[in-house]
Every structure is written in structure tokens, then in C-alpha cells.
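Here is the file run-v1.txt (compact mmCIF, C-alpha atoms and all ligand atoms).
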```txt
# COMPACT_ATOMS: atom_id res chain seq x y z
CA MET N 880 -60.78 36.09 -13.75
CA THR N 881 -63.03 34.35 -11.25
CA PRO N 882 -64.21 36.91 -8.66
CA LEU N 883 -63.22 36.22 -5.04
CA ILE N 884 -65.70 36.70 -2.19
CA GLU N 885 -65.58 36.61 1.60
CA PHE N 886 -67.38 33.79 3.40
CA ASP N 887 -71.05 34.49 4.06
CA PHE N 888 -73.08 31.38 4.87
CA ALA N 889 -76.43 33.07 4.18
CA LYS N 890 -75.44 34.40 0.76
CA GLY N 891 -73.43 31.43 -0.47
CA PHE N 892 -72.11 31.96 -4.00
CA PRO N 893 -74.20 34.56 -5.87
CA LEU N 894 -73.66 35.02 -9.59
CA GLN N 895 -71.81 38.23 -10.39
CA ASP N 896 -73.44 40.86 -12.66
CA VAL N 897 -75.91 38.61 -14.44
CA ALA N 898 -79.35 39.63 -15.66
CA LEU N 899 -82.11 37.53 -17.17
CA GLN N 900 -81.29 38.89 -20.66
CA ASP N 901 -77.69 37.64 -20.30
CA VAL N 902 -78.88 34.13 -19.48
CA ALA N 903 -81.41 34.22 -22.34
CA LYS N 904 -78.60 35.04 -24.79
CA LEU N 905 -76.50 32.11 -23.54
CA ILE N 906 -79.25 29.59 -24.30
CA GLY N 907 -81.01 31.20 -27.26
CA GLY N 908 -84.17 32.04 -25.29
CA LYS N 909 -86.44 35.07 -25.15
CA VAL N 910 -87.33 37.04 -22.00
CA ALA N 911 -90.99 37.67 -21.19
CA GLY N 912 -91.78 40.07 -18.34
CA MET N 913 -89.26 42.54 -16.95
CA ASP N 914 -85.52 41.97 -17.09
CA ARG N 915 -84.12 41.44 -13.59
CA PRO N 916 -80.93 40.38 -11.86
CA VAL N 917 -80.17 36.65 -11.51
CA GLN N 918 -78.03 35.70 -8.52
CA TYR N 919 -78.94 32.06 -7.95
CA LEU N 920 -79.85 29.19 -10.22
CA ALA N 921 -82.04 27.01 -8.01
CA LEU N 922 -84.46 24.12 -8.29
CA LEU N 923 -88.03 25.07 -7.40
CA LYS N 924 -88.32 22.38 -4.74
CA GLY N 925 -84.95 23.16 -3.15
CA GLY N 926 -86.16 26.41 -1.63
CA ARG N 927 -84.03 26.52 1.50
CA GLY N 928 -82.71 29.87 2.59
CA ALA N 929 -83.84 33.38 1.96
CA THR N 930 -81.93 34.13 -1.22
CA LYS N 931 -83.40 36.54 -3.74
CA ASN N 932 -83.09 36.86 -7.50
CA ARG N 933 -83.49 33.18 -8.25
CA LEU N 934 -83.90 31.54 -11.64
CA SER N 935 -85.43 28.08 -11.89
CA TYR N 936 -87.08 26.03 -14.63
CA VAL N 937 -90.60 24.75 -15.21
CA GLU N 938 -91.23 21.50 -17.11
CA SER N 939 -94.98 21.02 -16.82
CA PRO N 940 -98.25 22.86 -16.16
CA ALA N 941 -98.18 21.39 -12.62
CA TYR N 942 -94.76 22.92 -12.00
CA TRP N 943 -95.97 26.21 -13.47
CA LYS N 944 -98.44 26.37 -10.59
CA VAL N 945 -95.64 25.66 -8.11
CA PHE N 946 -93.57 28.43 -9.70
CA CYS N 947 -96.43 30.95 -9.56
CA ALA N 948 -97.03 30.17 -5.86
CA SER N 949 -93.31 30.30 -4.99
CA ASP N 950 -91.10 33.28 -4.20
CA THR N 951 -88.77 32.39 -7.09
CA GLU N 952 -88.80 35.39 -9.40
CA SER N 953 -87.80 33.84 -12.73
CA ALA N 954 -87.99 30.54 -14.57
CA ILE N 955 -86.98 28.98 -17.85
CA VAL N 956 -90.08 27.56 -19.51
CA SER N 957 -90.96 25.98 -22.85
CA GLN N 958 -93.28 27.63 -25.38
CA ALA N 959 -95.67 24.68 -25.05
CA VAL N 960 -96.14 25.11 -21.28
CA LEU N 961 -96.35 28.92 -21.41
CA ALA N 962 -98.88 28.87 -24.29
CA ASN N 963 -101.78 28.02 -21.97
CA GLN N 964 -100.73 30.22 -19.05
CA SER N 965 -100.72 33.91 -18.25
CA LEU N 966 -97.55 35.41 -16.78
CA PRO N 967 -98.11 36.98 -13.32
CA ALA N 968 -96.93 40.60 -13.02
CA ASP N 969 -94.28 39.72 -10.41
CA LYS N 970 -92.66 36.95 -12.49
CA SER N 971 -90.36 36.83 -15.47
CA VAL N 972 -89.50 33.92 -17.74
CA ILE N 973 -87.04 32.89 -20.38
CA VAL N 974 -88.95 31.07 -23.10
CA VAL N 975 -87.09 28.28 -24.87
CA ALA N 976 -88.23 26.08 -27.75
CA ASP N 977 -87.89 22.83 -25.81
CA ASN N 978 -86.48 21.15 -22.67
CA PRO N 979 -86.14 23.91 -20.05
CA ALA N 980 -84.18 21.59 -17.70
CA LEU N 981 -81.49 21.12 -20.34
CA ALA N 982 -81.45 24.89 -20.98
CA PHE N 983 -81.12 25.54 -17.22
CA PHE N 984 -78.08 23.30 -16.79
CA GLU N 985 -76.47 24.45 -20.05
CA ALA N 986 -76.91 28.06 -18.87
CA HIS N 987 -75.20 27.05 -15.63
CA GLU N 988 -72.22 25.59 -17.51
CA ARG N 989 -71.97 28.69 -19.73
CA LEU N 990 -72.06 30.98 -16.70
CA TYR N 991 -69.29 28.92 -15.13
CA GLN N 992 -67.20 29.12 -18.31
CA ASN N 993 -67.71 32.91 -18.31
CA ASP N 994 -66.38 33.23 -14.71
CA ARG N 995 -69.70 34.44 -13.31
CA TYR N 996 -69.55 32.22 -10.23
CA PRO N 997 -67.37 33.55 -7.40
CA ARG N 998 -64.86 31.58 -5.36
CA LEU N 999 -64.10 31.97 -1.67
CA ARG N 1000 -61.07 34.01 -0.69
CA GLY N 1001 -58.96 31.61 1.39
CA ASP N 1002 -57.80 32.32 4.92
CA ARG N 1003 -56.08 30.42 7.76
CA GLY N 1004 -56.70 30.98 11.45
CA ALA N 1005 -54.10 30.69 14.18
CA ALA N 1006 -52.66 27.44 15.52
CA CYS N 1007 -53.86 25.13 12.75
CA VAL N 1008 -51.96 21.84 12.54
CA ILE N 1009 -51.76 20.69 8.94
CA HIS N 1010 -49.88 17.52 8.02
CA PRO N 1011 -47.32 18.18 5.26
CA ARG N 1012 -48.94 15.51 3.10
CA ALA N 1013 -52.41 17.10 3.26
CA PHE N 1014 -53.64 19.20 0.32
CA VAL N 1015 -55.53 22.39 1.20
CA ASP N 1016 -56.63 24.49 -1.80
CA ASP N 1017 -56.08 28.28 -1.85
CA GLY N 1018 -59.83 28.85 -1.73
CA VAL N 1019 -60.29 27.29 1.71
CA VAL N 1020 -61.14 29.22 4.88
CA LEU N 1021 -59.76 27.62 8.04
CA GLY N 1022 -60.75 28.70 11.54
CA GLU N 1023 -58.41 28.43 14.50
CA ARG N 1024 -56.83 25.23 15.82
CA VAL N 1025 -58.08 23.17 12.88
CA ARG N 1026 -56.32 19.79 12.72
CA ILE N 1027 -55.79 18.25 9.29
CA ASP N 1028 -54.20 14.80 9.15
CA ALA N 1029 -52.18 13.13 6.39
CA ASN N 1030 -53.63 12.66 2.91
CA VAL N 1031 -56.65 14.87 3.51
CA THR N 1032 -57.82 16.75 0.39
CA ILE N 1033 -59.78 19.98 0.72
CA TYR N 1034 -61.22 21.47 -2.45
CA PRO N 1035 -61.95 25.21 -2.93
CA ASN N 1036 -65.03 26.90 -1.44
CA THR N 1037 -64.68 25.01 1.83
CA VAL N 1038 -65.01 26.63 5.25
CA ILE N 1039 -63.74 24.74 8.29
CA GLY N 1040 -64.78 26.02 11.72
CA ASP N 1041 -62.57 26.35 14.81
CA ASP N 1042 -61.29 23.17 16.49
CA THR N 1043 -62.50 20.89 13.72
CA TRP N 1044 -60.54 17.69 13.08
CA LEU N 1045 -60.21 16.12 9.64
CA LYS N 1046 -58.82 12.61 9.92
CA ALA N 1047 -56.45 10.86 7.54
CA GLY N 1048 -57.59 10.54 3.97
CA CYS N 1049 -60.92 12.33 4.11
CA VAL N 1050 -61.99 14.43 1.12
CA ILE N 1051 -63.93 17.66 1.60
CA GLY N 1052 -65.61 19.75 -1.10
CA GLY N 1053 -65.24 17.57 -4.19
CA PRO N 1054 -67.90 17.60 -6.92
CA GLY N 1055 -71.02 15.54 -6.31
CA PHE N 1056 -72.79 13.02 -8.48
CA GLU N 1057 -75.03 14.94 -10.87
CA ARG N 1058 -75.03 13.54 -14.39
CA LYS N 1059 -76.80 15.28 -17.26
CA ARG N 1060 -76.67 15.04 -21.03
CA LEU N 1061 -75.41 18.54 -21.85
CA PHE N 1062 -74.06 19.88 -25.12
CA GLY N 1063 -74.66 16.44 -26.62
CA ARG N 1064 -72.78 14.25 -24.17
CA LEU N 1065 -73.38 12.71 -20.75
CA ARG N 1066 -71.27 14.58 -18.18
CA THR N 1067 -70.96 15.52 -14.54
CA VAL N 1068 -72.47 18.95 -13.95
CA THR N 1069 -69.86 21.45 -12.73
CA HIS N 1070 -70.24 22.00 -9.00
CA VAL N 1071 -69.82 25.62 -7.89
CA GLY N 1072 -71.14 25.51 -4.32
CA GLY N 1073 -69.15 24.86 -1.15
CA VAL N 1074 -68.89 22.99 2.13
CA ALA N 1075 -69.16 24.52 5.61
CA LEU N 1076 -68.09 22.42 8.62
CA GLY N 1077 -68.00 23.07 12.30
CA PRO N 1078 -66.87 24.24 14.76
CA PHE N 1079 -65.78 21.17 16.76
CA VAL N 1080 -66.71 18.78 13.95
CA GLU N 1081 -64.85 15.51 13.36
CA ILE N 1082 -64.71 13.92 9.92
CA GLY N 1083 -63.40 10.35 9.97
CA SER N 1084 -60.82 8.66 7.80
CA SER N 1085 -61.72 8.10 4.15
CA SER N 1086 -65.02 9.92 4.57
CA VAL N 1087 -66.25 12.32 1.90
CA VAL N 1088 -68.32 15.49 2.06
CA ASP N 1089 -69.21 16.72 -1.45
CA CYS N 1090 -69.80 20.40 -2.19
CA HIS N 1091 -73.19 21.90 -3.03
CA LEU N 1092 -74.10 21.88 -6.71
CA ILE N 1093 -74.99 25.54 -7.20
CA GLY N 1094 -74.98 28.60 -5.02
CA ARG N 1095 -74.95 27.22 -1.49
CA PHE N 1096 -73.10 25.05 1.05
CA THR N 1097 -73.30 21.41 2.02
CA SER N 1098 -73.04 21.79 5.79
CA VAL N 1099 -72.23 19.91 8.97
CA GLY N 1100 -73.22 21.60 12.24
CA ALA N 1101 -71.19 22.20 15.39
CA ASN N 1102 -70.05 19.21 17.45
CA THR N 1103 -71.20 16.64 14.93
CA ARG N 1104 -69.06 13.55 14.61
CA VAL N 1105 -68.78 11.77 11.27
CA ASP N 1106 -67.15 8.34 11.55
CA ASN N 1107 -64.92 6.57 9.01
CA LEU N 1108 -66.01 5.66 5.45
CA VAL N 1109 -69.08 7.92 5.45
CA HIS N 1110 -70.41 9.55 2.26
CA VAL N 1111 -72.17 12.91 2.58
CA ALA N 1112 -73.57 13.92 -0.82
CA HIS N 1113 -74.01 17.39 -2.29
CA GLY N 1114 -76.44 19.73 -0.65
CA ALA N 1115 -76.93 17.71 2.54
CA VAL N 1116 -77.53 19.78 5.67
CA ILE N 1117 -76.52 18.06 8.90
CA GLY N 1118 -77.42 19.65 12.23
CA GLU N 1119 -75.47 20.01 15.45
CA GLU N 1120 -74.34 17.19 17.76
CA CYS N 1121 -75.22 14.41 15.32
CA SER N 1122 -73.39 11.06 15.18
CA ILE N 1123 -72.99 9.52 11.74
CA VAL N 1124 -71.56 6.06 12.30
CA ALA N 1125 -69.21 4.05 10.08
CA GLY N 1126 -70.11 3.35 6.48
CA SER N 1127 -73.27 5.46 6.41
CA GLU N 1128 -74.46 7.17 3.25
CA ILE N 1129 -76.34 10.47 3.24
CA SER N 1130 -77.78 11.28 -0.18
CA GLY N 1131 -78.13 14.65 -1.90
CA SER N 1132 -80.09 17.43 -0.15
CA VAL N 1133 -80.96 15.25 2.86
CA ILE N 1134 -81.66 17.38 5.94
CA LEU N 1135 -80.74 16.15 9.43
CA GLY N 1136 -81.90 17.98 12.53
CA ASN N 1137 -79.82 18.25 15.69
CA GLY N 1138 -78.75 15.28 17.79
CA VAL N 1139 -79.55 12.66 15.13
CA TRP N 1140 -77.92 9.22 15.45
CA LEU N 1141 -77.39 7.28 12.21
CA GLY N 1142 -76.14 3.79 13.06
CA PRO N 1143 -73.54 1.88 11.03
CA HIS N 1144 -74.25 1.50 7.30
CA THR N 1145 -77.51 3.43 7.24
CA CYS N 1146 -78.46 4.98 3.93
CA SER N 1147 -81.05 7.58 3.05
CA ASN N 1148 -82.95 8.56 -0.09
CA HIS N 1149 -82.19 11.99 -1.47
CA GLU N 1150 -84.14 14.95 -0.07
CA VAL N 1151 -85.54 13.18 2.99
CA THR N 1152 -85.73 15.11 6.26
CA ILE N 1153 -84.70 13.41 9.50
CA GLY N 1154 -85.95 15.18 12.63
CA ASP N 1155 -84.10 16.21 15.78
CA HIS N 1156 -82.81 13.37 17.98
CA ALA N 1157 -84.08 10.65 15.63
CA PHE N 1158 -82.23 7.35 15.99
CA ALA N 1159 -81.70 5.00 13.02
CA GLY N 1160 -80.53 1.45 13.81
CA THR N 1161 -77.76 -0.41 12.00
CA GLY N 1162 -78.32 -0.80 8.28
CA SER N 1163 -81.52 1.26 8.17
CA VAL N 1164 -82.70 2.14 4.66
CA ILE N 1165 -84.39 5.48 5.13
CA THR N 1166 -86.80 6.06 2.24
CA GLY N 1167 -89.01 8.81 3.68
CA ASP N 1168 -89.04 11.58 6.26
CA VAL N 1169 -88.35 10.57 9.87
CA PRO N 1170 -90.07 12.48 12.69
CA SER N 1171 -88.15 13.95 15.62
CA HIS N 1172 -87.35 11.45 18.41
CA ALA N 1173 -88.34 8.47 16.24
CA LEU N 1174 -86.50 5.16 16.57
CA VAL N 1175 -86.36 3.63 13.09
CA TYR N 1176 -84.73 0.57 11.58
CA GLY N 1177 -85.16 -1.99 8.81
CA ASN N 1178 -85.53 -1.90 5.05
CA PRO N 1179 -87.45 0.22 4.47
CA ALA N 1180 -86.89 1.85 7.86
CA LYS N 1181 -90.10 2.13 9.90
CA VAL N 1182 -90.89 3.89 13.17
CA ARG N 1183 -90.51 1.24 15.90
CA GLY N 1184 -90.54 3.46 18.97
CA TRP N 1185 -89.35 6.76 20.34
CA VAL N 1186 -86.15 7.96 21.92
CA CYS N 1187 -85.26 10.75 24.32
CA ALA N 1188 -82.67 13.39 23.45
CA CYS N 1189 -80.38 11.50 25.86
CA ARG N 1190 -80.75 8.44 23.54
CA THR N 1191 -82.74 6.37 26.03
CA LYS N 1192 -85.70 4.51 24.54
CA LEU N 1193 -89.01 5.92 25.75
CA ALA N 1194 -91.16 3.17 27.26
CA ASP N 1195 -93.90 2.13 24.82
CA GLY N 1196 -94.18 5.74 23.69
CA GLY N 1197 -96.33 4.89 20.68
CA ASN N 1198 -99.46 4.13 22.72
CA LEU N 1199 -99.28 6.78 25.40
CA SER N 1200 -100.06 10.48 25.23
CA ARG N 1201 -97.25 11.37 27.64
CA VAL N 1202 -94.00 9.65 28.47
CA THR N 1203 -91.14 10.44 30.81
CA CYS N 1204 -87.57 9.39 30.14
CA THR N 1205 -86.54 6.91 32.84
CA LYS N 1206 -82.95 8.08 32.63
CA CYS N 1207 -83.00 11.88 32.50
CA GLY N 1208 -86.61 12.65 33.47
CA THR N 1209 -87.44 14.71 30.39
CA ARG N 1210 -91.16 14.58 29.70
CA TYR N 1211 -92.61 14.23 26.19
CA GLU N 1212 -96.11 14.54 24.83
CA ARG N 1213 -97.60 12.98 21.75
CA THR N 1214 -98.94 15.20 18.99
CA GLU N 1215 -100.46 14.23 15.69
CA SER N 1216 -99.57 17.24 13.59
CA GLY N 1217 -98.25 15.77 10.35
CA GLY N 1218 -98.23 12.22 11.74
CA ILE N 1219 -97.54 10.93 15.23
CA ARG N 1220 -94.58 12.55 16.91
CA PHE N 1221 -93.27 13.21 20.37
CA GLU N 1222 -92.20 16.65 21.49
CA LYS N 1223 -90.82 17.94 24.73
CA ALA N 1224 -93.72 18.65 27.08
CA THR N 1225 -94.26 22.34 27.64
CA ALA N 1226 -96.71 22.20 30.59
CA ALA N 1227 -96.33 20.45 33.95
ZN ZN C 1301 -83.62 11.08 28.58
```

Would you mind writing the file out in C-alpha cells?
Ligand SMILES: [Zn+2]
Amino acid sequence: MTPLIEFDFAKGFPLQDVALQDVAKLIGGKVAGMDRPVQYLALLKGGRGATKNRLSYVESPAYWKVFCASDTESAIVSQAVLANQSLPADKSVIVVADNPALAFFEAHERLYQNDRYPRLRGDRGAACVIHPRAFVDDGVVLGERVRIDANVTIYPNTVIGDDTWLKAGCVIGGPGFERKRLFGRLRTVTHVGGVALGPFVEIGSSSVVDCHLIGRFTSVGANTRVDNLVHVAHGAVIGEECSIVAGSEISGSVILGNGVWLGPHTCSNHEVTIGDHAFAGTGSVITGDVPSHALVYGNPAKVRGWVCACRTKLADGGNLSRVTCTKCGTRYERTESGGIRFEKATAA
């Protein structure tokens, strides 16, 4: 039986009663260092959140250094990589003959088959309006006054905040696009994370928000409006009060700050970070991180100016150390920490 858990955004979906030795047995590996609990399988670079008891994998000496410097407690590693390294006292590893990435994802599939990943216990708040032709899985948590239109599909492990509106035909919480050659054939990796939306979020018709791959939630913050025909891939984190306009595509693990505007048919490379109140023009192809308040467009999208939180363009902001929004009067000052950026002025 799959264990049921209550919604806890910070904890996500921890593995139930799994230790490093258990994982080692599933993949024919050998534990070095102390045995310890494993609650989350996580990529080393995807270190968002303060979860403990993580297991990752290390494919090269360079990544071994990243692992040693990280707060991830355990990793799957090949004999070849470990041979030239010493194991720090606060780390444990599972040593496999070859291909630790393959071992990591095969361990994940085995853990799923053995019912070690929990599912959310479903719940429905008061005054929800659900069209009779919508499908809402048992493992969905609905807040109050949620509106769900016809032909919406909501997969398990989804949490919908109060007053959120899902428009006709949108799909929330389906598996994302993660293909691996596991157990000898190319397949989609089983997705065991979830989606958290809202409150006061709108998801447009025929838009899709895929669930997180392992352990955590793809999320859309309060008061964000997602237009029609938008794709939000697994692991994306979208802030509050964003506008994601028609046809846009947000790739896996992209992070959006608050108040971001993505114009029609923008797309973004996986894992990029887009800062607060950034504004991307129609059709922007976002291939790298975008600073807060940047106006970007083009292919590849480049910084062309700066915008206020009220979405007014700041006059020639790129050449001045201080600018004031002509519409709302907010003052900004230029800093050069990690590239040029404009931040709200703190002093008079
Ligand atoms: Zn302004």
C-alpha cells in the first residue's frame, strides 16, 4: 500500500523507511561510510529547499568535489571515481561498478515499485465549483472556492489554493518529460512529486503544469495568471503575481521571481532563473539567467533596458546610476553585483 501523507510544502514527498543499505541492495551496490536514512533522491545541482537525508549521484571527479562541498549526505558513485578520493567523515556513498546516474534512476524506479513514495491524502474545501466533466483524482487537495471548468484533469499529489480558477481543458500534475534508458529500454521516468498552485491563481485553457520529478512540488505562486496554451514543465517554480502570456513555454526547474511578465510565445531553457519584475517581450528565447527588472527580448533574449515593478520602462536605465519611474515615482539604483542590475533605492 502506498502511504498517504498530509500536505506539507516544505517536506514534499519524503521516502518512507528507507536507509542507504536498502537502496544499495536494490541496485547491487556497496555502502561505504555509515548507514543513514534516505528521504530524498535529488540531483546535486537542484539543491533548493532545506531537506535533509538526501541521496544524489556523482559521475566525475569534478562532481565529487561538488558533492563534498554540498550539504547532500549521500551519493551513488562508481568505483573508478572513488578510487582516487578519500571519503569525508560526514558523507556516505553507495559504490557501484559503473554508471551511477543509471543506478540512481533505477533505484528510484525500484523504490516506486516498492511503494516507498507517499501520496497526498486528498481533501476538498468548502464552496468549490467543479464541472461534472472535470476529473479530479482522489489524491488532490482543494482549498475553498476553487473553480474547476469542464474537461480539466488533475492528477494526484496536486494542491490547489483558495479561490484558484482552472479553465476548460487544462491539465495539472501529469508526468513531465524525463527520458532515460532504464532496465534496458528507453522510458519516461516515473514522476512522484506534485504541483502546488495558488491561492488566487488562474490557469488558462489547454495549459499544462507538470508535476515535480522526485520529492518536491512544481509551484505557481499566489495571484499569478497563466494564459491559454502554456506549458509549465516539471520542477518549475513560479513566483507571485506573474503573468505568463499565451503559448509560452517554461522548461524544467526554471525559477521565476515575483511579478515577472513573460510575453506571448516566450520560451526558456531549463534551469534558468528569471528575476523579480523582469519583462520578456513577445517570442523571447531565454537562454540564460535574467536579472530583476530587466527588459529582454529577441533570440537569444538580451537585456535591452529596465522596467519598474509597475511595468513602465525606466528611461535609459542602462547608462545611469539612478533612475526614477515616471509613472509611479519608485526610485532605482544600479548595482553591479553579479552583472548590472537595478534594485529599489534604499536611501533618499
Ligand atoms: Zn513604476

May I have the residues within 9 Å of ligand ZN 1301 (chain C), computed using only C-alpha atoms and all ligand atoms, as a list in words?
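The residues near ligand ZN 1301 (chain C) are Val1186, Cys1187, Ala1188, Cys1189, Arg1190, Thr1191, Lys1192, Leu1193, Thr1203, Cys1204, Thr1205, Lys1206, Cys1207, Gly1208, Thr1209 and Arg1210 of chain N.
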
What does the distance from atom CA of Gln992 of chain N to atom CA of Ala921 of chain N come to in Å, to one decimal?
18.2 Å

Leaving out segment 1056-1067 of chain N and any residue of its chain fewer than 2 positions from it, which residues lie within 9 Å of it when counting all atoms listed in the file, given as an NGL selection string?
:N and (981-982 or 984-985 or 988 or 1054 or 1069-1070 or 1089 or 1092 or 1112-1113 or 1131)

List as a Markdown table every residue of segment 929-1015 of chain N that is in contact with segment 1033-1042 of chain N, defined as an atom at most 8 Å from one of its atoms (using all atoms listed in the file), together with the nearest atom pair and the distance in Å rounded to one decimal, sorted by chain and then rising number.
```
| residue | atom | partner | partner_atom | distance |
| --- | --- | --- | --- | --- |
| N:Arg998 | CA | N:Asn1036 | CA | 6.1 |
| N:Leu999 | CA | N:Asn1036 | CA | 5.2 |
| N:Phe1014 | CA | N:Ile1033 | CA | 6.2 |
| N:Val1015 | CA | N:Ile1033 | CA | 4.9 |
```

The residue from N:Val1111, N:Gly1167, N:Ile1117, N:Gln895 with the smallest atom-to-atom distance to Tyr991 of chain N, counting all atoms listed in the file, is N:Gln895

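Distances to His987 of chain N were evaluated for N:Gly1142, N:Gly1094, N:Gly1052, N:Gly1018 using only C-alpha atoms, and the minimum falls at N:Gly1094.
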
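Distances from N:Val1020, N:Leu1108, N:Ala1006, N:Leu966 to Ala1047 of chain N were compared using all atoms listed in the file, and the smallest one belongs to N:Leu1108.
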
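Take atom CA of Ile955 of chain N and atom CA of Asp896 of chain N: the distance between them is 18.7 Å.
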
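Comparing N:Phe1158, N:Tyr942, N:Phe1221, N:Trp1140 by their smallest distance to Ser957 of chain N, the closest is N:Tyr942 (using all atoms listed in the file).
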
Point out the residue among N:Ala959, N:Ile1051, N:Val1068, N:Lys1046 with the least atom-to-atom distance to Asp1106 of chain N, counting all atoms listed in the file.
N:Lys1046

So which residues touch segment 1076-1084 of chain N within 10 Å, counting all atoms listed in the file, skipping near sequence neighbours fewer than 6 positions away, as a ChimeraX atom specification?
/N:1021-1031,1037-1051,1096-1109,1117,1119-1125

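With atom CA of Arg995 of chain N on one side and atom CA of Cys947 of chain N on the other, the separation reads 27.2 Å.
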
Pick out the closest residue to Arg933 of chain N from this set: N:Leu894, N:Ile1134, N:Ala968, N:Ala1159. Count all atoms listed in the file.
N:Leu894

For segment 1125-1152 of chain N in the structure I just supplied, write out N, CA and C atoms - as a PDB file, in the first residue's frame.
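Dumped to out.pdb:
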```pdb
ATOM      1  N   ALA N1125      -0.048  33.847 -23.452  1.00  0.00           N
ATOM      2  CA  ALA N1125      -0.425  32.745 -24.350  1.00  0.00           C
ATOM      3  C   ALA N1125       0.740  32.074 -25.058  1.00  0.00           C
ATOM      4  N   GLY N1126       0.725  30.757 -25.052  1.00  0.00           N
ATOM      5  CA  GLY N1126       1.661  29.969 -25.831  1.00  0.00           C
ATOM      6  C   GLY N1126       3.058  29.874 -25.263  1.00  0.00           C
ATOM      7  N   SER N1127       3.293  30.429 -24.079  1.00  0.00           N
ATOM      8  CA  SER N1127       4.657  30.409 -23.538  1.00  0.00           C
ATOM      9  C   SER N1127       5.035  29.026 -23.027  1.00  0.00           C
ATOM     10  N   GLU N1128       6.351  28.807 -22.990  1.00  0.00           N
ATOM     11  CA  GLU N1128       6.876  27.505 -22.551  1.00  0.00           C
ATOM     12  C   GLU N1128       7.915  27.760 -21.467  1.00  0.00           C
ATOM     13  N   ILE N1129       7.724  27.121 -20.329  1.00  0.00           N
ATOM     14  CA  ILE N1129       8.655  27.261 -19.204  1.00  0.00           C
ATOM     15  C   ILE N1129       9.252  25.885 -18.956  1.00  0.00           C
ATOM     16  N   SER N1130      10.562  25.758 -19.195  1.00  0.00           N
ATOM     17  CA  SER N1130      11.192  24.433 -19.138  1.00  0.00           C
ATOM     18  C   SER N1130      11.434  23.976 -17.703  1.00  0.00           C
ATOM     19  N   GLY N1131      11.947  22.754 -17.584  1.00  0.00           N
ATOM     20  CA  GLY N1131      12.123  22.122 -16.280  1.00  0.00           C
ATOM     21  C   GLY N1131      13.012  22.923 -15.344  1.00  0.00           C
ATOM     22  N   SER N1132      12.591  23.019 -14.078  1.00  0.00           N
ATOM     23  CA  SER N1132      13.360  23.630 -12.999  1.00  0.00           C
ATOM     24  C   SER N1132      13.680  25.107 -13.219  1.00  0.00           C
ATOM     25  N   VAL N1133      12.986  25.755 -14.135  1.00  0.00           N
ATOM     26  CA  VAL N1133      13.137  27.216 -14.280  1.00  0.00           C
ATOM     27  C   VAL N1133      12.569  27.884 -13.022  1.00  0.00           C
ATOM     28  N   ILE N1134      13.220  28.954 -12.574  1.00  0.00           N
ATOM     29  CA  ILE N1134      12.732  29.690 -11.410  1.00  0.00           C
ATOM     30  C   ILE N1134      12.341  31.100 -11.846  1.00  0.00           C
ATOM     31  N   LEU N1135      11.116  31.488 -11.570  1.00  0.00           N
ATOM     32  CA  LEU N1135      10.661  32.857 -11.822  1.00  0.00           C
ATOM     33  C   LEU N1135      10.455  33.553 -10.483  1.00  0.00           C
ATOM     34  N   GLY N1136      10.948  34.781 -10.380  1.00  0.00           N
ATOM     35  CA  GLY N1136      10.682  35.581  -9.191  1.00  0.00           C
ATOM     36  C   GLY N1136       9.244  36.051  -9.170  1.00  0.00           C
ATOM     37  N   ASN N1137       8.988  37.113  -8.417  1.00  0.00           N
ATOM     38  CA  ASN N1137       7.643  37.680  -8.334  1.00  0.00           C
ATOM     39  C   ASN N1137       7.463  38.759  -9.400  1.00  0.00           C
ATOM     40  N   GLY N1138       6.235  38.896  -9.884  1.00  0.00           N
ATOM     41  CA  GLY N1138       5.902  39.990 -10.784  1.00  0.00           C
ATOM     42  C   GLY N1138       6.528  39.894 -12.160  1.00  0.00           C
ATOM     43  N   VAL N1139       6.930  38.704 -12.562  1.00  0.00           N
ATOM     44  CA  VAL N1139       7.559  38.536 -13.892  1.00  0.00           C
ATOM     45  C   VAL N1139       6.480  38.559 -14.973  1.00  0.00           C
ATOM     46  N   TRP N1140       6.800  39.184 -16.112  1.00  0.00           N
ATOM     47  CA  TRP N1140       5.907  39.176 -17.272  1.00  0.00           C
ATOM     48  C   TRP N1140       6.603  38.408 -18.389  1.00  0.00           C
ATOM     49  N   LEU N1141       6.015  37.288 -18.816  1.00  0.00           N
ATOM     50  CA  LEU N1141       6.530  36.572 -19.986  1.00  0.00           C
ATOM     51  C   LEU N1141       5.536  36.783 -21.108  1.00  0.00           C
ATOM     52  N   GLY N1142       5.939  37.501 -22.153  1.00  0.00           N
ATOM     53  CA  GLY N1142       5.049  37.825 -23.258  1.00  0.00           C
ATOM     54  C   GLY N1142       4.644  36.580 -24.042  1.00  0.00           C
ATOM     55  N   PRO N1143       3.791  36.763 -25.067  1.00  0.00           N
ATOM     56  CA  PRO N1143       3.299  35.621 -25.831  1.00  0.00           C
ATOM     57  C   PRO N1143       4.440  34.818 -26.450  1.00  0.00           C
ATOM     58  N   HIS N1144       4.322  33.500 -26.390  1.00  0.00           N
ATOM     59  CA  HIS N1144       5.253  32.580 -27.052  1.00  0.00           C
ATOM     60  C   HIS N1144       6.706  32.787 -26.653  1.00  0.00           C
ATOM     61  N   THR N1145       6.960  33.157 -25.400  1.00  0.00           N
ATOM     62  CA  THR N1145       8.339  33.111 -24.923  1.00  0.00           C
ATOM     63  C   THR N1145       8.681  31.658 -24.609  1.00  0.00           C
ATOM     64  N   CYS N1146       9.966  31.335 -24.652  1.00  0.00           N
ATOM     65  CA  CYS N1146      10.387  30.024 -24.152  1.00  0.00           C
ATOM     66  C   CYS N1146      11.694  30.200 -23.391  1.00  0.00           C
ATOM     67  N   SER N1147      11.969  29.259 -22.519  1.00  0.00           N
ATOM     68  CA  SER N1147      13.127  29.418 -21.629  1.00  0.00           C
ATOM     69  C   SER N1147      13.847  28.091 -21.484  1.00  0.00           C
ATOM     70  N   ASN N1148      15.180  28.149 -21.531  1.00  0.00           N
ATOM     71  CA  ASN N1148      15.995  26.954 -21.295  1.00  0.00           C
ATOM     72  C   ASN N1148      15.754  26.414 -19.896  1.00  0.00           C
ATOM     73  N   HIS N1149      15.962  25.126 -19.722  1.00  0.00           N
ATOM     74  CA  HIS N1149      15.770  24.555 -18.390  1.00  0.00           C
ATOM     75  C   HIS N1149      16.764  25.163 -17.395  1.00  0.00           C
ATOM     76  N   GLU N1150      16.307  25.287 -16.167  1.00  0.00           N
ATOM     77  CA  GLU N1150      17.129  25.707 -15.017  1.00  0.00           C
ATOM     78  C   GLU N1150      17.547  27.166 -15.038  1.00  0.00           C
ATOM     79  N   VAL N1151      17.018  27.990 -15.941  1.00  0.00           N
ATOM     80  CA  VAL N1151      17.375  29.410 -15.852  1.00  0.00           C
ATOM     81  C   VAL N1151      16.575  30.058 -14.723  1.00  0.00           C
ATOM     82  N   THR N1152      17.116  31.169 -14.208  1.00  0.00           N
ATOM     83  CA  THR N1152      16.430  31.926 -13.170  1.00  0.00           C
ATOM     84  C   THR N1152      16.072  33.295 -13.735  1.00  0.00           C
TER      85      THR N1152
END
```
